[in-house]
Amino acid sequence: MKGKFLFGFAILFVIGFLSACGTGGDNNDDSQNADGNGQKETLIIGTDAAFAPFEYLDKGEIVGFDVDFIDAVMTEAGYDYEIKNVGWDPLFPSVENGDVDFGLSAISITDDRMETYDFSVPYFESRLLIMVPEGSNIQSAEDLEGKLVGVQNGTTGQTAVEKILGENNENIKKYETTAVAIMAMQNGDVEAVVTDNTVAEEYVSNNPNEKFEVIEDPENFAPEYYGLMFKKGSDLKAELDEAINAVLDSGKYAEIYEEYFGYEPDVEALKEAAQE
């Protein structure tokens with residue numbers, strides 16, 4: 001990533017398990033969006049701050065693309081908020097149980113997840129890539145057969161690999177974070193890591209001495225879209241959908257996107273995906 005990612009992915013391996021908060025506030029039931037005086041309540045946002053450049057810890061503070069994006073959305077919607085680093089696996093029950101008002105953590109919108117949660121309109125287009133050491137004979141998803149493959153547990157990367165290799169394949173190694181999966185490849189414990197394109201591409205770009213490369217396979221890995229994740233029936237969804245669309249239309253989204261990724265986003269593709 002540009003700027004904020006230059007602190008180095010290696011630091012994230014150490015600090016990714018710590019917790020940090022954004023602006024202060026108390027947790028509230030999202031069914032009450034204002035107090036008795038008409039003042040909007042402070043929203044509690046859950047995340048897993050171990051997925052740079054979207055959310056990660058820098059000197060104890062949660063930063064990243066998602067953080068800057070949601071700040072613009074909350075400003076548009078008129079909410080104060082607090083971001084809590086709850087971790088990836090605990091994030092889902094935290095949303096479902098109402099411990100947080102919604103989840104923000106580069107969460108792909110999938111049919112399976114939509115059975116349990118509501119999602120906002122898409123705010124980011126992503127795709128899966130295969131990350132391998134330079135010179136690897138892995139050139140497509142089919143080449144993962146018989147290889148040790150690292151994935152972050154509970155992600156679409158895991159789901160995609162299981163569709164190719166089988167759900168109970170012992171060669172699929174599941175890790176708590178993508179950072180730990182990449183560390184396992186550094187150590188030779190796995191021969192490939194399947195993860196989101198932005199994370200893989202920027203890690204390779206910012207760590208040239210490690211001699212990793214990325215493999216695209218659009219035939220096996222279709223585009224994915226990130227959304228805010230709410231518990232079913234959340235009153236916040238419609239309001240924050242409106243705020244997200246306003247941020248997309250105002251140019252603020254493109255400004256934040258270019259700061260992190262160095263090129264313009266395809267805002268129209270996001271809007272088209274929202275209609276599907």
# chains A, B, ... in the order shown; residues from 1 in each chain; ligands from 1
$ closest_atom_pairs --of "range 175-226 of chain A" --to "range 56-59 of chain A" --cutoff "12 Å" --atoms "only C-alpha atoms" --output "Markdown table"
| residue | atom | partner | partner_atom | distance |
| --- | --- | --- | --- | --- |
| A:Thr177 | CA | A:Tyr56 | CA | 11.5 |
| A:Thr178 | CA | A:Tyr56 | CA | 11.9 |
| A:Ala179 | CA | A:Tyr56 | CA | 10.8 |
| A:Val199 | CA | A:Tyr56 | CA | 11.7 |
$ residues_around --residues "Val194 in chain A" --least-positions-apart "4" --cutoff "6 Å" --atoms "only C-alpha atoms" --output "list in words"
Leu129, Ile130, Val151 and Gly157 of chain A
$ atom_distance --atom1 "CA of Glu268 in chain A" --atom2 "CA of Lys237 in chain A"
20.7 Å
$ residues_around --residues "Asn171 in chain A" --least-positions-apart "6" --cutoff "9 Å" --atoms "only C-alpha atoms" --output "list in words"
Glu145, Gly146, Lys147, Leu148, Val149, Gly150, Leu165 and Val190 of chain A
$ select_by_dssp --residues "range 46-168 of chain A" --states "helix (DSSP H, G or I)" --output "compact mmCIF listing (two decimals) with N, CA, C and O atoms, in the first residue's frame"
# COMPACT_ATOMS: atom_id res chain seq x y z
N PHE A 65 -7.25 1.30 5.07
CA PHE A 65 -8.25 1.76 4.10
C PHE A 65 -9.65 1.70 4.68
O PHE A 65 -10.42 2.66 4.57
N ASP A 66 -10.02 0.57 5.27
CA ASP A 66 -11.36 0.44 5.83
C ASP A 66 -11.64 1.50 6.89
O ASP A 66 -12.76 2.01 7.00
N VAL A 67 -10.61 1.82 7.66
CA VAL A 67 -10.78 2.79 8.75
C VAL A 67 -11.05 4.18 8.18
O VAL A 67 -11.96 4.90 8.64
N ASP A 68 -10.28 4.58 7.17
CA ASP A 68 -10.50 5.89 6.55
C ASP A 68 -11.84 5.93 5.82
O ASP A 68 -12.55 6.94 5.84
N PHE A 69 -12.18 4.82 5.18
CA PHE A 69 -13.47 4.75 4.47
C PHE A 69 -14.63 4.89 5.45
O PHE A 69 -15.56 5.68 5.21
N ILE A 70 -14.60 4.13 6.54
CA ILE A 70 -15.75 4.16 7.46
C ILE A 70 -15.83 5.50 8.18
O ILE A 70 -16.92 5.95 8.55
N ASP A 71 -14.71 6.17 8.36
CA ASP A 71 -14.75 7.50 8.96
C ASP A 71 -15.54 8.46 8.06
O ASP A 71 -16.35 9.25 8.55
N ALA A 72 -15.32 8.34 6.75
CA ALA A 72 -16.07 9.18 5.81
C ALA A 72 -17.56 8.83 5.84
O ALA A 72 -18.43 9.72 5.79
N VAL A 73 -17.87 7.54 5.94
CA VAL A 73 -19.26 7.10 5.98
C VAL A 73 -19.94 7.57 7.26
O VAL A 73 -21.08 8.06 7.25
N MET A 74 -19.27 7.43 8.39
CA MET A 74 -19.85 7.84 9.66
C MET A 74 -20.04 9.36 9.71
O MET A 74 -21.04 9.84 10.27
N THR A 75 -19.12 10.10 9.12
CA THR A 75 -19.28 11.55 9.05
C THR A 75 -20.50 11.90 8.23
O THR A 75 -21.30 12.77 8.60
N GLU A 76 -20.65 11.22 7.09
CA GLU A 76 -21.82 11.46 6.22
C GLU A 76 -23.12 11.13 6.95
O GLU A 76 -24.11 11.85 6.82
N ALA A 77 -23.12 10.03 7.71
CA ALA A 77 -24.34 9.59 8.40
C ALA A 77 -24.57 10.33 9.72
O ALA A 77 -25.67 10.23 10.29
N TRP A 88 -10.91 -12.10 13.91
CA TRP A 88 -11.73 -12.55 12.78
C TRP A 88 -12.84 -13.53 13.20
O TRP A 88 -14.01 -13.28 12.95
N ASP A 89 -12.48 -14.64 13.80
CA ASP A 89 -13.50 -15.63 14.16
C ASP A 89 -14.53 -15.07 15.14
O ASP A 89 -15.73 -15.31 14.97
N PRO A 90 -14.12 -14.32 16.19
CA PRO A 90 -15.12 -13.76 17.10
C PRO A 90 -15.98 -12.66 16.49
O PRO A 90 -17.03 -12.32 17.06
N LEU A 91 -15.55 -12.10 15.37
CA LEU A 91 -16.30 -11.00 14.77
C LEU A 91 -17.72 -11.41 14.39
O LEU A 91 -18.68 -10.67 14.61
N PHE A 92 -17.86 -12.61 13.85
CA PHE A 92 -19.17 -13.05 13.35
C PHE A 92 -20.20 -13.21 14.47
O PHE A 92 -21.31 -12.67 14.38
N PRO A 93 -19.88 -13.94 15.56
CA PRO A 93 -20.86 -13.99 16.65
C PRO A 93 -21.05 -12.63 17.33
O PRO A 93 -22.14 -12.35 17.85
N SER A 94 -20.04 -11.78 17.30
CA SER A 94 -20.19 -10.45 17.91
C SER A 94 -21.24 -9.64 17.18
O SER A 94 -22.03 -8.91 17.80
N VAL A 95 -21.26 -9.77 15.85
CA VAL A 95 -22.29 -9.09 15.06
C VAL A 95 -23.65 -9.75 15.29
O VAL A 95 -24.66 -9.07 15.54
N GLU A 96 -23.68 -11.07 15.23
CA GLU A 96 -24.94 -11.80 15.34
C GLU A 96 -25.60 -11.57 16.70
O GLU A 96 -26.83 -11.47 16.81
N ASP A 111 -23.21 -15.76 -0.50
CA ASP A 111 -24.55 -16.30 -0.30
C ASP A 111 -24.67 -16.97 1.08
O ASP A 111 -25.69 -16.82 1.76
N ASP A 112 -23.65 -17.71 1.48
CA ASP A 112 -23.69 -18.39 2.77
C ASP A 112 -23.79 -17.38 3.91
O ASP A 112 -24.59 -17.57 4.85
N ARG A 113 -23.01 -16.33 3.86
CA ARG A 113 -23.04 -15.33 4.93
C ARG A 113 -24.36 -14.57 4.95
O ARG A 113 -24.84 -14.18 6.02
N MET A 114 -24.94 -14.37 3.78
CA MET A 114 -26.20 -13.63 3.71
C MET A 114 -27.37 -14.41 4.30
O MET A 114 -28.43 -13.83 4.57
N ALA A 141 -4.98 -22.49 -10.26
CA ALA A 141 -5.60 -23.13 -9.10
C ALA A 141 -5.51 -24.65 -9.20
O ALA A 141 -5.36 -25.32 -8.18
N GLU A 142 -5.61 -25.18 -10.42
CA GLU A 142 -5.50 -26.63 -10.58
C GLU A 142 -4.15 -27.16 -10.12
O GLU A 142 -4.03 -28.30 -9.66
N ASP A 143 -3.12 -26.34 -10.23
CA ASP A 143 -1.77 -26.76 -9.83
C ASP A 143 -1.62 -26.88 -8.31
O ASP A 143 -0.59 -27.35 -7.82
N LEU A 144 -2.63 -26.45 -7.57
CA LEU A 144 -2.58 -26.58 -6.11
C LEU A 144 -2.80 -28.03 -5.66
O LEU A 144 -2.51 -28.37 -4.51
N THR A 156 -13.04 -16.52 2.38
CA THR A 156 -13.40 -17.02 1.06
C THR A 156 -12.21 -17.70 0.39
O THR A 156 -12.41 -18.53 -0.51
N GLY A 157 -10.99 -17.34 0.81
CA GLY A 157 -9.82 -18.06 0.30
C GLY A 157 -9.87 -19.52 0.69
O GLY A 157 -9.60 -20.41 -0.13
N GLN A 158 -10.22 -19.80 1.93
CA GLN A 158 -10.37 -21.18 2.38
C GLN A 158 -11.47 -21.89 1.58
O GLN A 158 -11.28 -23.01 1.10
N THR A 159 -12.61 -21.22 1.42
CA THR A 159 -13.73 -21.83 0.69
C THR A 159 -13.34 -22.16 -0.74
O THR A 159 -13.65 -23.25 -1.26
N ALA A 160 -12.63 -21.24 -1.40
CA ALA A 160 -12.24 -21.44 -2.79
C ALA A 160 -11.28 -22.62 -2.94
O ALA A 160 -11.41 -23.44 -3.85
N VAL A 161 -10.32 -22.72 -2.03
CA VAL A 161 -9.36 -23.81 -2.08
C VAL A 161 -10.04 -25.15 -1.79
O VAL A 161 -9.75 -26.17 -2.42
N GLU A 162 -10.98 -25.14 -0.85
CA GLU A 162 -11.69 -26.37 -0.53
C GLU A 162 -12.55 -26.86 -1.71
O GLU A 162 -12.72 -28.06 -1.90
N LYS A 163 -13.06 -25.93 -2.50
CA LYS A 163 -13.83 -26.34 -3.68
C LYS A 163 -12.94 -27.04 -4.69
O LYS A 163 -13.39 -27.92 -5.43
N ILE A 164 -11.68 -26.65 -4.72
CA ILE A 164 -10.74 -27.24 -5.68
C ILE A 164 -10.13 -28.53 -5.15
O ILE A 164 -10.04 -29.54 -5.87
N LEU A 165 -9.73 -28.52 -3.88
CA LEU A 165 -8.99 -29.65 -3.32
C LEU A 165 -9.85 -30.58 -2.46
O LEU A 165 -9.42 -31.70 -2.15
$ select_by_dssp --residues "range 59-133 of chain A" --states "strand (DSSP E or B)" --output "PyMOL selection string"
chain A and resi 61-63+81-85+102-103+108+117-119+124-126+128-133
$ write_last_selection --atoms "N, CA and C atoms" --output "compact mmCIF listing (two decimals), in the first residue's frame"
# COMPACT_ATOMS: atom_id res chain seq x y z
N GLU A 61 -2.77 1.80 17.31
CA GLU A 61 -3.96 2.41 16.72
C GLU A 61 -4.39 1.63 15.49
N ILE A 62 -5.69 1.40 15.36
CA ILE A 62 -6.21 0.73 14.18
C ILE A 62 -6.25 1.72 13.02
N VAL A 63 -5.58 1.38 11.94
CA VAL A 63 -5.52 2.23 10.76
C VAL A 63 -5.76 1.38 9.52
N TYR A 81 -18.36 7.00 16.59
CA TYR A 81 -18.17 5.56 16.54
C TYR A 81 -16.90 5.17 17.29
N GLU A 82 -16.85 3.89 17.61
CA GLU A 82 -15.66 3.27 18.21
C GLU A 82 -15.37 1.98 17.45
N ILE A 83 -14.12 1.76 17.10
CA ILE A 83 -13.73 0.53 16.43
C ILE A 83 -13.06 -0.38 17.44
N LYS A 84 -13.54 -1.61 17.52
CA LYS A 84 -12.98 -2.60 18.45
C LYS A 84 -12.32 -3.73 17.68
N ASN A 85 -11.11 -4.07 18.06
CA ASN A 85 -10.37 -5.16 17.43
C ASN A 85 -10.74 -6.46 18.13
N PHE A 102 -21.96 -3.39 13.87
CA PHE A 102 -21.70 -4.03 12.58
C PHE A 102 -20.22 -4.38 12.48
N GLY A 103 -19.92 -5.23 11.50
CA GLY A 103 -18.55 -5.64 11.27
C GLY A 103 -17.96 -4.94 10.06
N SER A 108 -16.05 -10.31 2.64
CA SER A 108 -16.68 -10.59 1.35
C SER A 108 -18.15 -10.94 1.54
N TYR A 117 -26.53 -12.99 8.01
CA TYR A 117 -26.26 -11.57 8.22
C TYR A 117 -26.85 -10.74 7.08
N ASP A 118 -27.06 -9.46 7.36
CA ASP A 118 -27.36 -8.48 6.32
C ASP A 118 -26.06 -7.77 5.95
N PHE A 119 -25.95 -7.37 4.69
CA PHE A 119 -24.77 -6.65 4.22
C PHE A 119 -25.17 -5.33 3.58
N PHE A 124 -16.10 -2.35 -2.01
CA PHE A 124 -14.77 -2.68 -2.53
C PHE A 124 -14.85 -3.94 -3.37
N GLU A 125 -14.21 -3.91 -4.54
CA GLU A 125 -14.12 -5.09 -5.40
C GLU A 125 -12.77 -5.76 -5.19
N SER A 126 -12.80 -7.07 -5.00
CA SER A 126 -11.58 -7.84 -4.74
C SER A 126 -11.61 -9.12 -5.56
N LEU A 128 -9.39 -13.19 -5.53
CA LEU A 128 -8.37 -14.03 -4.90
C LEU A 128 -7.19 -14.24 -5.84
N LEU A 129 -6.00 -14.29 -5.25
CA LEU A 129 -4.77 -14.60 -5.97
C LEU A 129 -4.05 -15.72 -5.24
N ILE A 130 -3.16 -16.38 -5.98
CA ILE A 130 -2.29 -17.40 -5.39
C ILE A 130 -0.92 -16.79 -5.21
N MET A 131 -0.42 -16.77 -4.00
CA MET A 131 0.89 -16.23 -3.69
C MET A 131 1.87 -17.38 -3.53
N VAL A 132 2.99 -17.35 -4.28
CA VAL A 132 3.94 -18.47 -4.29
C VAL A 132 5.36 -17.93 -4.30
N PRO A 133 6.35 -18.76 -3.94
CA PRO A 133 7.74 -18.36 -4.12
C PRO A 133 8.07 -18.25 -5.60
$ residues_around --residues "Arg127 in chain A" --least-positions-apart "6" --cutoff "7 Å" --atoms "only C-alpha atoms" --output "tab-separated table (two decimals) with N, CA, C and O atoms, in the first residue's frame"
chain	number	residue	atom	x	y	z
A	196	ASP	N	-6.65	-12.39	-0.70
A	196	ASP	CA	-7.17	-11.31	-1.53
A	196	ASP	C	-6.05	-10.61	-2.30
A	196	ASP	O	-4.93	-10.46	-1.80
A	197	ASN	N	-6.38	-10.16	-3.49
A	197	ASN	CA	-5.36	-9.64	-4.40
A	197	ASN	C	-4.58	-8.46	-3.83
A	197	ASN	O	-3.35	-8.39	-3.97
A	221	PHE	N	-11.31	-18.03	-9.80
A	221	PHE	CA	-11.54	-17.05	-8.74
A	221	PHE	C	-12.31	-15.86	-9.32
A	221	PHE	O	-11.73	-14.99	-9.95
A	222	ALA	N	-13.60	-15.84	-9.09
A	222	ALA	CA	-14.45	-14.75	-9.58
A	222	ALA	C	-14.30	-13.52	-8.68
A	222	ALA	O	-13.86	-13.63	-7.54
A	223	PRO	N	-14.65	-12.34	-9.19
A	223	PRO	CA	-14.59	-11.13	-8.35
A	223	PRO	C	-15.45	-11.27	-7.10
A	223	PRO	O	-16.48	-11.94	-7.12
A	224	GLU	N	-15.00	-10.65	-6.02
A	224	GLU	CA	-15.74	-10.61	-4.77
A	224	GLU	C	-15.94	-9.16	-4.37
A	224	GLU	O	-15.22	-8.27	-4.83
$ closest_residue --among "A:Gly78, A:Gly188, A:Glu167, A:Leu228" --to "Leu104 in chain A" --atoms "only C-alpha atoms"
A:Leu228
$ atom_distance --atom1 "CA of Ile215 in chain A" --atom2 "CA of Gly135 in chain A"
11.5 Å
$ closest_residue --among "A:Asp266, A:Ser120, A:Asp101, A:Ala106" --to "Ala50 in chain A" --atoms "only C-alpha atoms"
A:Ala106
$ residues_around --residues "range 252-259 of chain A" --least-positions-apart "2" --cutoff "8 Å" --atoms "only C-alpha atoms" --output "PDB file with all heavy atoms, in the first residue's frame"
ATOM      1  N   LYS A   2       0.305   2.350  -0.372  1.00  0.00           N
ATOM      2  CA  LYS A   2       1.049   3.582  -0.317  1.00  0.00           C
ATOM      3  C   LYS A   2       1.008   4.123   1.101  1.00  0.00           C
ATOM      4  O   LYS A   2       0.051   3.999   1.808  1.00  0.00           O
ATOM      5  CB  LYS A   2       0.442   4.605  -1.274  1.00  0.00           C
ATOM      6  CG  LYS A   2       0.461   4.141  -2.711  1.00  0.00           C
ATOM      7  CD  LYS A   2      -0.195   5.123  -3.625  1.00  0.00           C
ATOM      8  CE  LYS A   2       0.571   6.430  -3.646  1.00  0.00           C
ATOM      9  NZ  LYS A   2      -0.045   7.416  -4.514  1.00  0.00           N
ATOM     10  N   GLY A   3       2.044   4.791   1.488  1.00  0.00           N
ATOM     11  CA  GLY A   3       2.061   5.524   2.748  1.00  0.00           C
ATOM     12  C   GLY A   3       1.905   4.677   3.977  1.00  0.00           C
ATOM     13  O   GLY A   3       2.871   4.211   4.569  1.00  0.00           O
ATOM     14  N   PHE A  65      -7.250   1.297   5.067  1.00  0.00           N
ATOM     15  CA  PHE A  65      -8.246   1.760   4.100  1.00  0.00           C
ATOM     16  C   PHE A  65      -9.654   1.703   4.681  1.00  0.00           C
ATOM     17  O   PHE A  65     -10.420   2.663   4.567  1.00  0.00           O
ATOM     18  CB  PHE A  65      -8.175   0.912   2.827  1.00  0.00           C
ATOM     19  CG  PHE A  65      -9.279   1.201   1.860  1.00  0.00           C
ATOM     20  CD1 PHE A  65      -9.187   2.269   0.984  1.00  0.00           C
ATOM     21  CD2 PHE A  65     -10.435   0.420   1.839  1.00  0.00           C
ATOM     22  CE1 PHE A  65     -10.221   2.561   0.104  1.00  0.00           C
ATOM     23  CE2 PHE A  65     -11.470   0.699   0.956  1.00  0.00           C
ATOM     24  CZ  PHE A  65     -11.366   1.778   0.091  1.00  0.00           C
ATOM     25  N   ASP A  68     -10.280   4.580   7.167  1.00  0.00           N
ATOM     26  CA  ASP A  68     -10.505   5.891   6.554  1.00  0.00           C
ATOM     27  C   ASP A  68     -11.841   5.929   5.819  1.00  0.00           C
ATOM     28  O   ASP A  68     -12.553   6.943   5.838  1.00  0.00           O
ATOM     29  CB  ASP A  68      -9.367   6.212   5.594  1.00  0.00           C
ATOM     30  CG  ASP A  68      -8.062   6.526   6.318  1.00  0.00           C
ATOM     31  OD1 ASP A  68      -8.068   6.560   7.568  1.00  0.00           O
ATOM     32  OD2 ASP A  68      -7.038   6.721   5.634  1.00  0.00           O
ATOM     33  N   PHE A  69     -12.179   4.816   5.180  1.00  0.00           N
ATOM     34  CA  PHE A  69     -13.470   4.745   4.471  1.00  0.00           C
ATOM     35  C   PHE A  69     -14.633   4.887   5.446  1.00  0.00           C
ATOM     36  O   PHE A  69     -15.556   5.682   5.214  1.00  0.00           O
ATOM     37  CB  PHE A  69     -13.566   3.423   3.712  1.00  0.00           C
ATOM     38  CG  PHE A  69     -14.948   3.065   3.288  1.00  0.00           C
ATOM     39  CD1 PHE A  69     -15.577   3.759   2.264  1.00  0.00           C
ATOM     40  CD2 PHE A  69     -15.643   2.029   3.918  1.00  0.00           C
ATOM     41  CE1 PHE A  69     -16.876   3.430   1.878  1.00  0.00           C
ATOM     42  CE2 PHE A  69     -16.934   1.703   3.524  1.00  0.00           C
ATOM     43  CZ  PHE A  69     -17.555   2.409   2.509  1.00  0.00           C
ATOM     44  N   ALA A  72     -15.316   8.343   6.749  1.00  0.00           N
ATOM     45  CA  ALA A  72     -16.073   9.181   5.810  1.00  0.00           C
ATOM     46  C   ALA A  72     -17.558   8.829   5.840  1.00  0.00           C
ATOM     47  O   ALA A  72     -18.425   9.716   5.788  1.00  0.00           O
ATOM     48  CB  ALA A  72     -15.512   9.011   4.401  1.00  0.00           C
ATOM     49  N   VAL A 247     -20.801   8.823  -0.198  1.00  0.00           N
ATOM     50  CA  VAL A 247     -19.332   8.885  -0.202  1.00  0.00           C
ATOM     51  C   VAL A 247     -18.786   8.460  -1.570  1.00  0.00           C
ATOM     52  O   VAL A 247     -17.819   9.047  -2.070  1.00  0.00           O
ATOM     53  CB  VAL A 247     -18.758   8.000   0.929  1.00  0.00           C
ATOM     54  CG1 VAL A 247     -17.247   7.862   0.809  1.00  0.00           C
ATOM     55  CG2 VAL A 247     -19.125   8.584   2.294  1.00  0.00           C
ATOM     56  N   LEU A 248     -19.411   7.461  -2.179  1.00  0.00           N
ATOM     57  CA  LEU A 248     -19.002   7.050  -3.527  1.00  0.00           C
ATOM     58  C   LEU A 248     -19.229   8.176  -4.528  1.00  0.00           C
ATOM     59  O   LEU A 248     -18.368   8.453  -5.379  1.00  0.00           O
ATOM     60  CB  LEU A 248     -19.790   5.813  -3.950  1.00  0.00           C
ATOM     61  CG  LEU A 248     -19.494   4.492  -3.239  1.00  0.00           C
ATOM     62  CD1 LEU A 248     -20.481   3.423  -3.690  1.00  0.00           C
ATOM     63  CD2 LEU A 248     -18.067   4.026  -3.496  1.00  0.00           C
ATOM     64  N   ASP A 249     -20.373   8.836  -4.439  1.00  0.00           N
ATOM     65  CA  ASP A 249     -20.738   9.860  -5.415  1.00  0.00           C
ATOM     66  C   ASP A 249     -19.965  11.157  -5.233  1.00  0.00           C
ATOM     67  O   ASP A 249     -19.744  11.890  -6.203  1.00  0.00           O
ATOM     68  CB  ASP A 249     -22.239  10.153  -5.329  1.00  0.00           C
ATOM     69  CG  ASP A 249     -23.092   8.992  -5.818  1.00  0.00           C
ATOM     70  OD1 ASP A 249     -22.574   8.168  -6.598  1.00  0.00           O
ATOM     71  OD2 ASP A 249     -24.270   8.902  -5.404  1.00  0.00           O
ATOM     72  N   SER A 250     -19.556  11.447  -4.017  1.00  0.00           N
ATOM     73  CA  SER A 250     -18.906  12.732  -3.738  1.00  0.00           C
ATOM     74  C   SER A 250     -17.461  12.811  -4.205  1.00  0.00           C
ATOM     75  O   SER A 250     -16.884  13.901  -4.291  1.00  0.00           O
ATOM     76  CB  SER A 250     -18.946  13.001  -2.225  1.00  0.00           C
ATOM     77  OG  SER A 250     -18.062  12.102  -1.535  1.00  0.00           O
ATOM     78  N   PHE A 261      -3.983   2.798  -2.927  1.00  0.00           N
ATOM     79  CA  PHE A 261      -3.697   1.859  -4.007  1.00  0.00           C
ATOM     80  C   PHE A 261      -3.077   2.486  -5.246  1.00  0.00           C
ATOM     81  O   PHE A 261      -2.605   1.775  -6.130  1.00  0.00           O
ATOM     82  CB  PHE A 261      -4.973   1.097  -4.380  1.00  0.00           C
ATOM     83  CG  PHE A 261      -5.634   0.462  -3.194  1.00  0.00           C
ATOM     84  CD1 PHE A 261      -6.908   0.838  -2.802  1.00  0.00           C
ATOM     85  CD2 PHE A 261      -4.972  -0.489  -2.435  1.00  0.00           C
ATOM     86  CE1 PHE A 261      -7.517   0.268  -1.690  1.00  0.00           C
ATOM     87  CE2 PHE A 261      -5.569  -1.069  -1.324  1.00  0.00           C
ATOM     88  CZ  PHE A 261      -6.834  -0.690  -0.956  1.00  0.00           C
ATOM     89  N   GLY A 262      -3.067   3.797  -5.321  1.00  0.00           N
ATOM     90  CA  GLY A 262      -2.337   4.471  -6.383  1.00  0.00           C
ATOM     91  C   GLY A 262      -3.037   4.561  -7.720  1.00  0.00           C
ATOM     92  O   GLY A 262      -2.432   4.967  -8.705  1.00  0.00           O
ATOM     93  N   TYR A 263      -4.299   4.177  -7.792  1.00  0.00           N
ATOM     94  CA  TYR A 263      -5.046   4.293  -9.038  1.00  0.00           C
ATOM     95  C   TYR A 263      -6.523   4.484  -8.714  1.00  0.00           C
ATOM     96  O   TYR A 263      -6.956   4.270  -7.581  1.00  0.00           O
ATOM     97  CB  TYR A 263      -4.844   3.069  -9.941  1.00  0.00           C
ATOM     98  CG  TYR A 263      -5.183   1.738  -9.299  1.00  0.00           C
ATOM     99  CD1 TYR A 263      -6.458   1.197  -9.399  1.00  0.00           C
ATOM    100  CD2 TYR A 263      -4.214   1.021  -8.597  1.00  0.00           C
ATOM    101  CE1 TYR A 263      -6.769  -0.022  -8.813  1.00  0.00           C
ATOM    102  CE2 TYR A 263      -4.520  -0.200  -8.004  1.00  0.00           C
ATOM    103  CZ  TYR A 263      -5.797  -0.710  -8.123  1.00  0.00           C
ATOM    104  OH  TYR A 263      -6.088  -1.907  -7.526  1.00  0.00           O
ATOM    105  N   GLU A 264      -7.299   4.878  -9.710  1.00  0.00           N
ATOM    106  CA  GLU A 264      -8.706   5.186  -9.489  1.00  0.00           C
ATOM    107  C   GLU A 264      -9.546   3.922  -9.354  1.00  0.00           C
ATOM    108  O   GLU A 264      -9.321   2.946 -10.074  1.00  0.00           O
ATOM    109  CB  GLU A 264      -9.249   6.025 -10.646  1.00  0.00           C
ATOM    110  CG  GLU A 264      -8.655   7.427 -10.720  1.00  0.00           C
ATOM    111  CD  GLU A 264      -9.306   8.242 -11.822  1.00  0.00           C
ATOM    112  OE1 GLU A 264     -10.250   7.721 -12.464  1.00  0.00           O
ATOM    113  OE2 GLU A 264      -8.874   9.384 -12.024  1.00  0.00           O
ATOM    114  N   PRO A 265     -10.516   3.927  -8.472  1.00  0.00           N
ATOM    115  CA  PRO A 265     -11.419   2.778  -8.341  1.00  0.00           C
ATOM    116  C   PRO A 265     -12.475   2.796  -9.435  1.00  0.00           C
ATOM    117  O   PRO A 265     -12.767   3.834 -10.028  1.00  0.00           O
ATOM    118  CB  PRO A 265     -12.061   3.002  -6.975  1.00  0.00           C
ATOM    119  CG  PRO A 265     -12.108   4.496  -6.839  1.00  0.00           C
ATOM    120  CD  PRO A 265     -10.834   4.993  -7.497  1.00  0.00           C
ATOM    121  N   VAL A 267     -15.875   2.868  -9.584  1.00  0.00           N
ATOM    122  CA  VAL A 267     -17.060   3.108  -8.762  1.00  0.00           C
ATOM    123  C   VAL A 267     -18.311   2.565  -9.446  1.00  0.00           C
ATOM    124  O   VAL A 267     -19.221   2.032  -8.788  1.00  0.00           O
ATOM    125  CB  VAL A 267     -17.206   4.611  -8.457  1.00  0.00           C
ATOM    126  CG1 VAL A 267     -18.534   4.893  -7.745  1.00  0.00           C
ATOM    127  CG2 VAL A 267     -16.037   5.087  -7.591  1.00  0.00           C
TER     128      VAL A 267
END
$ residues_around --residues "Ala273 in chain A" --least-positions-apart "6" --cutoff "9 Å" --atoms "only C-alpha atoms" --output "JSON, numbers by chain"
{"A": [121, 122, 225]}
$ atom_distance --atom1 "CA of Ile172 in chain A" --atom2 "CA of Gly64 in chain A"
28.8 Å
